[in-house]
Amino acid sequence: MLKEFKDFAMKGNLVDIAVGFVMGAGFNKVVSSFTGGIVSPLIGMIGGTNFNDLKYVLKEGVADASGKVSGEVAVLYGAFITNVIDFIIVAFVMFMIVKGVNAMKKKEEEAAPAAPAGPTQEELLAEIRDLLKK
């Protein structure tokens, strides 16, 4: 059973998936910092507020002596919209990568020349027949 697991774990597809997963996680952090650091402030300039801080307060909180608000219940739709933008960017880039890989695979398949076809069995038998007639 250990040998079967080792064979399964070392197959090319599983290793490719693991590498893709790690790269995807790293890419997601890059996209999140792009969205949070560049896109959100630009959108915030239009709205006049920090985009990530947009929220709909359902229940007001109580401020204590230090000014910290506790007990507030709010829908954080700014953070949700930021995450949706992150997802769209990541999905689009992954779509473009898959599209590029598929195009490269098609070119490889087209570039592989067909093996030169030799004479068929019937042609060989006809040639032998003709030789025997002589």
# chains A, B, ... in the order shown; residues from 1 in each chain; ligands from 1

$ select_by_dssp --residues "chain A" --states "strand (DSSP E)" --output "PyMOL selection string"
chain A and resi 56-59+62-63+69-70+73-75

$ select_by_dssp --residues "chain A" --states "helix (DSSP H, G or I)" --output "ChimeraX atom specification"
/A:2-9,12-47,51-53,77-111,121-133

$ residues_around --residues "Leu58 of chain A" --least-positions-apart "5" --cutoff "12 Å" --atoms "only C-alpha atoms" --output "PyMOL selection string"
chain A and resi 71-76

$ write_last_selection --atoms "C-alpha atoms" --output "tab-separated table (two decimals), in the first residue's frame"
chain	number	residue	atom	x	y	z
A	71	GLY	CA	-21.14	45.90	19.94
A	72	GLU	CA	-21.54	47.27	16.42
A	73	VAL	CA	-23.26	45.04	13.90
A	74	ALA	CA	-22.56	45.96	10.29
A	75	VAL	CA	-22.56	44.53	6.78
A	76	LEU	CA	-19.05	45.05	5.38
